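Structure data follow from work_22.cif (mmCIF, C-alpha atoms):
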data_run
#
loop_
_atom_site.label_atom_id
_atom_site.label_comp_id
_atom_site.auth_asym_id
_atom_site.auth_seq_id
_atom_site.Cartn_x
_atom_site.Cartn_y
_atom_site.Cartn_z
CA LYS A 1 -36.06 -8.95 9.58
CA LYS A 2 -35.70 -5.91 11.76
CA GLN A 3 -34.33 -2.55 10.77
CA GLN A 4 -30.64 -2.30 11.43
CA ALA A 5 -29.32 0.60 13.51
CA ALA A 6 -27.97 3.57 11.61
CA SER A 7 -24.25 4.19 11.63
CA PRO A 8 -23.01 7.29 13.47
CA ASN A 9 -23.26 9.26 10.20
CA GLY A 10 -26.94 8.34 9.77
CA ILE A 11 -26.46 5.76 7.00
CA TYR A 12 -28.54 2.53 7.10
CA GLY A 13 -27.47 0.74 3.92
CA LEU A 14 -28.50 0.22 0.29
CA VAL A 15 -32.04 -0.13 -1.06
CA ALA A 16 -31.02 -3.52 -2.51
CA GLU A 17 -30.26 -4.72 1.01
CA VAL A 18 -33.77 -4.10 2.34
CA ILE A 19 -36.00 -5.09 -0.61
CA GLU A 20 -36.08 -8.65 -1.96
CA ALA A 21 -38.18 -10.41 -4.58
CA PRO A 22 -38.74 -14.08 -5.42
CA GLU A 23 -36.43 -15.28 -8.18
CA HIS A 24 -39.31 -15.18 -10.68
CA TYR A 25 -39.73 -11.40 -10.11
CA GLU A 26 -36.08 -10.40 -9.64
CA LYS A 27 -35.79 -9.11 -13.21
CA ALA A 28 -38.97 -7.07 -12.83
CA LEU A 29 -37.79 -5.46 -9.58
CA THR A 30 -34.32 -4.80 -10.99
CA ALA A 31 -35.75 -3.25 -14.18
CA VAL A 32 -38.13 -0.96 -12.29
CA LEU A 33 -35.65 0.31 -9.70
CA GLY A 34 -32.54 0.29 -11.87
CA ASP A 35 -29.83 2.47 -10.33
CA ARG A 36 -32.11 3.19 -7.37
CA LEU A 37 -31.19 -0.23 -6.03
CA GLN A 38 -27.82 1.35 -5.25
CA CYS A 39 -29.40 4.32 -3.45
CA VAL A 40 -28.10 4.76 0.08
CA ILE A 41 -30.78 4.95 2.79
CA VAL A 42 -30.05 7.70 5.29
CA LYS A 43 -31.85 8.95 8.36
CA GLY A 44 -32.82 12.29 6.80
CA HIS A 45 -32.00 14.74 4.06
CA GLN A 46 -29.34 16.47 6.14
CA ASP A 47 -27.44 13.16 6.50
CA GLY A 48 -27.58 12.81 2.73
CA VAL A 49 -26.22 16.31 2.26
CA GLU A 50 -23.34 15.59 4.64
CA ALA A 51 -22.57 12.36 2.74
CA ILE A 52 -22.53 14.23 -0.56
CA GLU A 53 -20.15 16.83 0.89
CA TYR A 54 -17.90 13.99 2.04
CA LEU A 55 -17.87 12.45 -1.46
CA LYS A 56 -17.06 15.81 -2.99
CA HIS A 57 -14.28 16.45 -0.49
CA GLN A 58 -12.76 12.99 -1.00
CA ALA A 59 -13.35 12.97 -4.77
CA SER A 60 -14.98 9.56 -4.27
CA GLY A 61 -17.59 9.75 -7.01
CA ARG A 62 -21.34 10.23 -6.84
CA SER A 63 -24.19 8.48 -5.08
CA SER A 64 -27.90 8.92 -4.44
CA PHE A 65 -29.41 9.13 -0.98
CA ILE A 66 -32.99 8.41 0.04
CA PRO A 67 -34.27 9.52 3.48
CA LEU A 68 -35.78 6.85 5.69
CA GLU A 69 -38.53 9.23 6.79
CA LEU A 70 -40.25 10.18 3.53
CA SER A 71 -43.38 12.14 2.90
CA ARG A 72 -45.82 9.71 1.40
CA LYS A 73 -46.67 10.15 -2.26
CA THR A 74 -50.21 10.89 -3.25
CA HIS A 75 -52.04 7.59 -3.45
CA LYS A 76 -53.09 6.79 -6.99
CA GLU A 77 -55.53 4.14 -8.03
CA LEU A 78 -53.97 1.04 -9.59
CA PRO A 79 -55.57 -1.04 -12.38
CA LEU A 80 -55.94 -4.06 -10.11
CA GLY A 81 -59.15 -5.36 -11.65
CA GLU A 82 -57.78 -5.49 -15.21
CA ALA A 83 -57.22 -8.87 -16.86
CA GLU A 84 -53.64 -7.98 -17.84
CA VAL A 85 -52.55 -7.40 -14.23
CA ILE A 86 -50.86 -10.09 -12.13
CA ALA A 87 -50.38 -8.11 -8.90
CA PRO A 88 -49.01 -4.85 -7.49
CA MET A 89 -45.24 -5.02 -7.11
CA MET A 90 -45.60 -4.36 -3.38
CA ASP A 91 -47.52 -7.65 -3.07
CA VAL A 92 -44.78 -9.82 -4.60
CA ILE A 93 -41.75 -8.44 -2.73
CA SER A 94 -40.54 -8.69 0.85
CA VAL A 95 -39.26 -5.66 2.75
CA LYS A 96 -37.07 -5.61 5.82
CA GLU A 97 -38.93 -4.36 8.86
CA GLY A 98 -38.65 -0.62 9.28
CA TYR A 99 -38.18 0.15 5.57
CA HIS A 100 -41.76 -0.19 4.31
CA ASP A 101 -42.05 3.55 3.66
CA VAL A 102 -38.97 3.46 1.44
CA ALA A 103 -40.32 0.50 -0.56
CA GLU A 104 -43.75 2.06 -0.89
CA TYR A 105 -42.27 5.40 -2.03
CA LEU A 106 -40.32 3.59 -4.76
CA LEU A 107 -42.83 0.93 -5.82
CA SER A 108 -46.37 1.91 -4.80
CA ASP A 109 -47.29 2.83 -8.40
CA VAL A 110 -45.73 -0.29 -10.01
CA VAL A 111 -47.93 -3.10 -11.33
CA VAL A 112 -46.76 -6.48 -12.66
CA VAL A 113 -48.48 -7.47 -15.93
CA ARG A 114 -48.57 -10.74 -17.85
CA ASP A 115 -46.35 -9.68 -20.76
CA LEU A 116 -45.37 -6.67 -22.84
CA GLN A 117 -48.35 -6.82 -25.21
CA ALA A 118 -50.72 -7.04 -22.24
CA GLY A 119 -48.99 -4.05 -20.66
CA LEU A 120 -49.27 -1.98 -23.85
CA SER A 121 -52.92 -2.89 -24.20
CA LEU A 122 -53.52 -1.75 -20.61
CA TRP A 123 -51.55 1.50 -21.05
CA ASN A 124 -53.40 2.39 -24.27
CA ARG A 125 -56.72 2.25 -22.45
CA ASN A 126 -55.49 5.17 -20.30
CA GLY A 127 -57.15 6.11 -17.06
CA TYR A 128 -54.27 4.99 -14.83
CA TYR A 129 -50.98 6.68 -14.00
CA SER A 130 -48.68 3.76 -13.10
CA THR A 131 -45.54 1.91 -14.15
CA LEU A 132 -46.12 -1.48 -15.76
CA VAL A 133 -43.49 -4.23 -15.68
CA THR A 134 -43.32 -7.85 -16.83
CA ALA A 135 -41.60 -10.72 -15.06
CA GLU A 136 -38.95 -10.60 -17.82
CA GLY A 137 -38.06 -7.02 -16.89
CA GLU A 138 -39.79 -5.11 -19.68
CA VAL A 139 -41.03 -1.73 -18.42
CA ILE A 140 -43.70 0.70 -19.61
CA ASP A 141 -43.46 3.97 -17.69
CA PRO A 142 -46.43 6.30 -17.11
CA MET A 143 -45.42 8.33 -20.19
CA GLY A 144 -45.59 5.21 -22.39
CA ILE A 145 -41.81 4.80 -22.80
CA VAL A 146 -41.02 1.10 -23.28
CA THR A 147 -37.75 -0.36 -22.02
CA GLY A 148 -36.55 -3.91 -22.62
CA GLY A 149 -34.06 -6.10 -24.42
CA SER A 150 -31.34 -8.52 -23.39
CA GLY A 151 -31.74 -9.92 -19.92
CA ALA A 152 -28.01 -10.37 -19.27
CA PRO A 153 -27.58 -7.19 -17.16
CA LEU A 154 -30.69 -8.10 -15.15
CA GLU A 155 -29.48 -11.65 -14.53
CA ALA A 156 -26.18 -10.25 -13.20
CA SER A 157 -27.94 -7.67 -11.02
CA PHE A 158 -27.16 -6.95 -7.40
CA LEU A 159 -30.40 -8.64 -6.34
CA ALA A 160 -29.52 -11.83 -8.23
CA GLN A 161 -26.04 -11.80 -6.73
CA ARG A 162 -27.48 -11.33 -3.24
CA ARG A 163 -29.89 -14.21 -3.82
CA ARG A 164 -27.05 -16.45 -4.97
CA ILE A 165 -25.03 -15.47 -1.92
CA ARG A 166 -28.07 -16.15 0.28
CA ASP A 167 -28.65 -19.53 -1.39
CA LEU A 168 -24.97 -20.41 -1.01
CA SER A 169 -25.08 -19.36 2.64
CA GLN A 170 -28.12 -21.58 3.21
CA ASN A 171 -26.42 -24.47 1.43
CA LEU A 172 -23.28 -23.89 3.48
CA ALA A 173 -25.33 -23.81 6.70
CA ALA A 174 -27.03 -27.06 5.68
CA LEU A 175 -23.65 -28.65 4.93
CA GLU A 176 -22.25 -27.42 8.24
CA THR A 177 -25.29 -28.92 9.98
CA ARG A 178 -24.65 -32.23 8.26
CA LEU A 179 -20.89 -32.10 8.86
CA PRO A 180 -20.91 -33.59 12.43
CA GLN A 181 -23.07 -36.48 11.25
CA GLU A 182 -20.84 -37.00 8.21
CA GLU A 183 -17.75 -36.91 10.43
CA GLN A 184 -19.35 -39.42 12.79
CA GLU A 185 -20.26 -41.69 9.89
CA SER A 186 -16.74 -41.26 8.50
CA ALA A 187 -15.22 -42.22 11.88
CA GLN A 188 -17.54 -45.23 12.06
CA LEU A 189 -16.59 -46.28 8.53
CA LYS A 190 -12.92 -45.84 9.41
CA GLN A 191 -13.38 -48.05 12.47
CA GLU A 192 -15.23 -50.64 10.40
CA LEU A 193 -12.45 -50.49 7.81
CA GLU A 194 -9.82 -51.07 10.49
CA GLN A 195 -11.84 -54.01 11.82
CA ALA A 196 -12.17 -55.35 8.29
CA GLU A 197 -8.39 -54.99 7.78
CA THR A 198 -7.77 -56.86 11.04
CA GLN A 199 -10.24 -59.56 9.98
CA LYS A 200 -8.55 -59.72 6.58
CA THR A 201 -5.15 -60.22 8.26
CA LEU A 202 -6.55 -63.00 10.44
CA LEU A 203 -8.24 -64.64 7.47
CA THR A 204 -5.04 -64.39 5.43
CA ALA A 205 -3.09 -66.07 8.23
CA GLU A 206 -5.76 -68.76 8.57
CA SER A 207 -5.75 -69.26 4.82
CA HIS A 208 -1.96 -69.68 4.88
CA ARG A 209 -2.23 -72.20 7.72
CA LEU A 210 -4.91 -74.14 5.86
CA GLU A 211 -2.77 -74.12 2.72
CA ILE A 212 0.13 -75.62 4.68
CA GLU A 213 -2.27 -78.15 6.20
CA ARG A 214 -3.56 -79.00 2.73
CA VAL A 215 -0.01 -79.59 1.44
CA ARG A 216 0.70 -81.82 4.45
CA LEU A 217 -2.50 -83.79 3.93
CA ASP A 218 -1.75 -84.13 0.20
CA PHE A 219 1.68 -85.54 1.08
CA GLU A 220 0.16 -87.92 3.62
CA LYS A 221 -2.45 -88.93 1.07
CA SER A 222 0.25 -89.68 -1.51
CA SER A 223 2.19 -91.68 1.07
CA ALA A 224 -0.96 -93.56 2.08
CA GLU A 225 -1.76 -94.30 -1.57
CA ARG A 226 1.75 -95.65 -2.11
CA GLU A 227 1.51 -97.76 1.05
CA CYS A 228 -1.91 -99.00 -0.02
CA GLU A 229 -0.49 -99.97 -3.41
CA ARG A 230 2.43 -101.78 -1.73
CA ILE A 231 0.06 -103.66 0.59
CA THR A 232 -2.18 -104.55 -2.35
CA GLN A 233 0.80 -105.92 -4.24
CA SER A 234 1.89 -107.85 -1.13
CA MET A 235 -1.59 -109.30 -0.72
CA GLN A 236 -1.62 -110.33 -4.37
CA ALA A 237 1.76 -112.03 -3.87
CA PHE A 238 0.50 -113.75 -0.70
CA THR A 239 -2.64 -114.86 -2.53
CA GLN A 240 -0.57 -116.30 -5.36
CA GLU A 241 1.72 -118.03 -2.88
CA GLN A 242 -1.30 -119.40 -1.02
CA SER A 243 -2.69 -120.71 -4.31
CA ASP A 244 0.62 -122.33 -5.13
CA LEU A 245 0.81 -123.92 -1.67
CA THR A 246 -2.75 -125.19 -1.99
CA THR A 247 -1.89 -126.77 -5.33
CA ALA A 248 1.27 -128.33 -3.84
CA VAL A 249 -0.67 -129.69 -0.88
CA HIS A 250 -3.24 -131.18 -3.23
CA LEU A 251 -0.49 -132.85 -5.25
CA LEU A 252 1.10 -134.20 -2.09
CA ASP A 253 -2.26 -135.61 -0.99
CA GLU A 254 -2.59 -137.33 -4.31
CA GLU A 255 0.98 -138.66 -4.02
CA ILE A 256 0.25 -139.85 -0.50
CA GLN A 257 -2.91 -141.60 -1.66
CA ARG A 258 -1.07 -143.16 -4.53
CA CYS A 259 1.71 -144.35 -2.23
CA TYR A 260 -0.82 -145.63 0.26
CA SER A 261 -2.64 -147.51 -2.49
CA ASN A 262 0.62 -149.07 -3.69
CA MET A 263 1.50 -150.05 -0.18
CA GLN A 264 -1.84 -151.77 0.29
CA THR A 265 -1.46 -153.59 -2.96
CA ARG A 266 1.98 -154.86 -1.95
CA ILE A 267 0.72 -155.92 1.45
CA GLU A 268 -2.08 -157.90 -0.13
CA GLU A 269 0.29 -159.54 -2.59
CA LYS A 270 2.64 -160.47 0.19
CA THR A 271 -0.18 -161.93 2.19
CA GLU A 272 -1.30 -164.05 -0.72
CA ARG A 273 2.23 -165.39 -1.31
CA GLU A 274 2.55 -166.43 2.27
#
How would this structure read if it were set down as structure tokens?
Amino acid sequence: KKQQAASPNGIYGLVAEVIEAPEHYEKALTAVLGDRLQCVIVKGHQDGVEAIEYLKHQASGRSSFIPLELSRKTHKELPLGEAEVIAPMMDVISVKEGYHDVAEYLLSDVVVVRDLQAGLSLWNRNGYYSTLVTAEGEVIDPMGIVTGGSGAPLEASFLAQRRRIRDLSQNLAALETRLPQEEQESAQLKQELEQAETQKTLLTAESHRLEIERVRLDFEKSSAERECERITQSMQAFTQEQSDLTTAVHLLDEEIQRCYSNMQTRIEEKTERE
């Protein structure tokens, strides 16, 4: 990120806007800088003086101003080789381009240690003039003053809020990127739904037609079954009548044979009498 241009009154912004830390070290950075996170970065001391005069004139409260062009502090050796040390604070933060001097002025003597007991052990060995801080935000200043306690104020810090806003902005950007695809998929699903509704209407109509056809075929089936039963009864009657006729014919044949036999007998008797 590049340094933003100063406003006409020589103001660049807040310290919290140019220094960021990973979420794991946000509490440590917030605890070390404290109110200095709200310091206003100005071009030079004179711009800070003019801003203070403005606040006094407007009765708008107080603020702290840190010049962008700072005289470097005397470099002091850090306990980097000690077992209790994780890293210098400058190594775990990110600084917007153009503001490295400000970050170094504020944090060059700060070292992140494993925990409070490790920090106290390191401080008691003396030999180093530095501020020690844990990832949980517990601070041991060069004079040995220990600061710590509830993490609620640290969790609600300006840095944490900026990170949440940044995360939300990234999530929003990701959602906006996905939105056209989601809208396209939604339009496609809507089209498919309309096609399905049309198909459903056609299938409902076809189902109704088939139901009517089924009723008609059931009626025809019932009629055919009744006709079949009538024909079966007729055939049974015809069969019975045929049987009766066959019996009658047989009886007539027997009667004819009997008559024929009688006639022959009479003819023979007549012939004998003659």
### Resolved residues for the PyMOL selection byres ((chain A and resi 23-28) around 6) as a PyMOL selection string
chain A and resi 21-22+29-31+134-137+154
#### Entry: Shell of 10 Å around Asp47 in chain A, all atoms listed in the file, local chain residues under 6 positions omitted, as a PyMOL selection string
chain A and resi 9-11+41+53+65-67
Which residues come within 12 Å of Arg125 in chain A, counting all atoms listed in the file, excluding same-chain residues fewer than 6 positions away, as a PDB file with C-alpha atoms, in the coordinates of the input?
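This is the output file selection_28.pdb:
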ATOM      1  CA  PRO A  79     -55.570  -1.040 -12.380  1.00  0.00           C
ATOM      2  CA  GLU A  82     -57.780  -5.490 -15.210  1.00  0.00           C
ATOM      3  CA  GLU A  84     -53.640  -7.980 -17.840  1.00  0.00           C
ATOM      4  CA  ALA A 118     -50.720  -7.040 -22.240  1.00  0.00           C
ATOM      5  CA  GLY A 119     -48.990  -4.050 -20.660  1.00  0.00           C
ATOM      6  CA  GLY A 144     -45.590   5.210 -22.390  1.00  0.00           C
TER       7      GLY A 144
END
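Distance-wise, CA of Lys270 in chain A and CA of Leu252 in chain A end up 26.4 Å apart.
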### Message
With all atoms listed in the file as the counted atoms, please give the residues lying no more than 12 Å from Gln117 in chain A, apart from itself and same-chain residues fewer than 6 positions off, as a PyMOL selection string.
### Response
chain A and resi 84-85+123-124+132-134+138-140+146
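Here CA of Ser63 in chain A and CA of Val40 in chain A stand 7.5 Å from one another.
CA of Asp141 in chain A sits 9.1 Å away from CA of Val110 in chain A.
In terms of minimum interatomic distance to Gly13 in chain A, A:Ser64 ranks closest within A:Ser234, A:Gln257, A:Ser64, A:Gln46, counting all atoms listed in the file.
When only C-alpha atoms are used to compute distances to Val95 in chain A, the closest of the residues A:Val18, A:Val49, A:Val113, A:Leu70 turns out to be A:Val18.
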### Task
On this file, the PyMOL selection byres ((chain A and resi 17) around 9) gives some set of residues; write that set as a list in words.
Gly13, Leu14, Val15, Ala16, Val18, Ile19, Glu20, Leu37, Lys96, Leu159 and Arg162 of chain A
Could you tell me which residues the PyMOL selection byres ((chain A and resi 98-108) around 10) grabs in this file, written as a PDB file with C-alpha atoms, in the frame of the given file?
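So the final result, stored in out24.pdb, reads:
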ATOM      1  CA  LYS A   1     -36.060  -8.950   9.580  1.00  0.00           C
ATOM      2  CA  LYS A   2     -35.700  -5.910  11.760  1.00  0.00           C
ATOM      3  CA  GLN A   3     -34.330  -2.550  10.770  1.00  0.00           C
ATOM      4  CA  GLN A   4     -30.640  -2.300  11.430  1.00  0.00           C
ATOM      5  CA  VAL A  15     -32.040  -0.130  -1.060  1.00  0.00           C
ATOM      6  CA  VAL A  18     -33.770  -4.100   2.340  1.00  0.00           C
ATOM      7  CA  ILE A  19     -36.000  -5.090  -0.610  1.00  0.00           C
ATOM      8  CA  LEU A  29     -37.790  -5.460  -9.580  1.00  0.00           C
ATOM      9  CA  VAL A  32     -38.130  -0.960 -12.290  1.00  0.00           C
ATOM     10  CA  LEU A  33     -35.650   0.310  -9.700  1.00  0.00           C
ATOM     11  CA  ARG A  36     -32.110   3.190  -7.370  1.00  0.00           C
ATOM     12  CA  LEU A  37     -31.190  -0.230  -6.030  1.00  0.00           C
ATOM     13  CA  ILE A  41     -30.780   4.950   2.790  1.00  0.00           C
ATOM     14  CA  ILE A  66     -32.990   8.410   0.040  1.00  0.00           C
ATOM     15  CA  PRO A  67     -34.270   9.520   3.480  1.00  0.00           C
ATOM     16  CA  LEU A  68     -35.780   6.850   5.690  1.00  0.00           C
ATOM     17  CA  GLU A  69     -38.530   9.230   6.790  1.00  0.00           C
ATOM     18  CA  LEU A  70     -40.250  10.180   3.530  1.00  0.00           C
ATOM     19  CA  SER A  71     -43.380  12.140   2.900  1.00  0.00           C
ATOM     20  CA  ARG A  72     -45.820   9.710   1.400  1.00  0.00           C
ATOM     21  CA  LYS A  73     -46.670  10.150  -2.260  1.00  0.00           C
ATOM     22  CA  THR A  74     -50.210  10.890  -3.250  1.00  0.00           C
ATOM     23  CA  HIS A  75     -52.040   7.590  -3.450  1.00  0.00           C
ATOM     24  CA  LYS A  76     -53.090   6.790  -6.990  1.00  0.00           C
ATOM     25  CA  GLU A  77     -55.530   4.140  -8.030  1.00  0.00           C
ATOM     26  CA  LEU A  78     -53.970   1.040  -9.590  1.00  0.00           C
ATOM     27  CA  PRO A  88     -49.010  -4.850  -7.490  1.00  0.00           C
ATOM     28  CA  MET A  89     -45.240  -5.020  -7.110  1.00  0.00           C
ATOM     29  CA  MET A  90     -45.600  -4.360  -3.380  1.00  0.00           C
ATOM     30  CA  ASP A  91     -47.520  -7.650  -3.070  1.00  0.00           C
ATOM     31  CA  ILE A  93     -41.750  -8.440  -2.730  1.00  0.00           C
ATOM     32  CA  SER A  94     -40.540  -8.690   0.850  1.00  0.00           C
ATOM     33  CA  VAL A  95     -39.260  -5.660   2.750  1.00  0.00           C
ATOM     34  CA  LYS A  96     -37.070  -5.610   5.820  1.00  0.00           C
ATOM     35  CA  GLU A  97     -38.930  -4.360   8.860  1.00  0.00           C
ATOM     36  CA  ASP A 109     -47.290   2.830  -8.400  1.00  0.00           C
ATOM     37  CA  VAL A 110     -45.730  -0.290 -10.010  1.00  0.00           C
ATOM     38  CA  VAL A 111     -47.930  -3.100 -11.330  1.00  0.00           C
ATOM     39  CA  SER A 130     -48.680   3.760 -13.100  1.00  0.00           C
ATOM     40  CA  THR A 131     -45.540   1.910 -14.150  1.00  0.00           C
TER      41      THR A 131
END
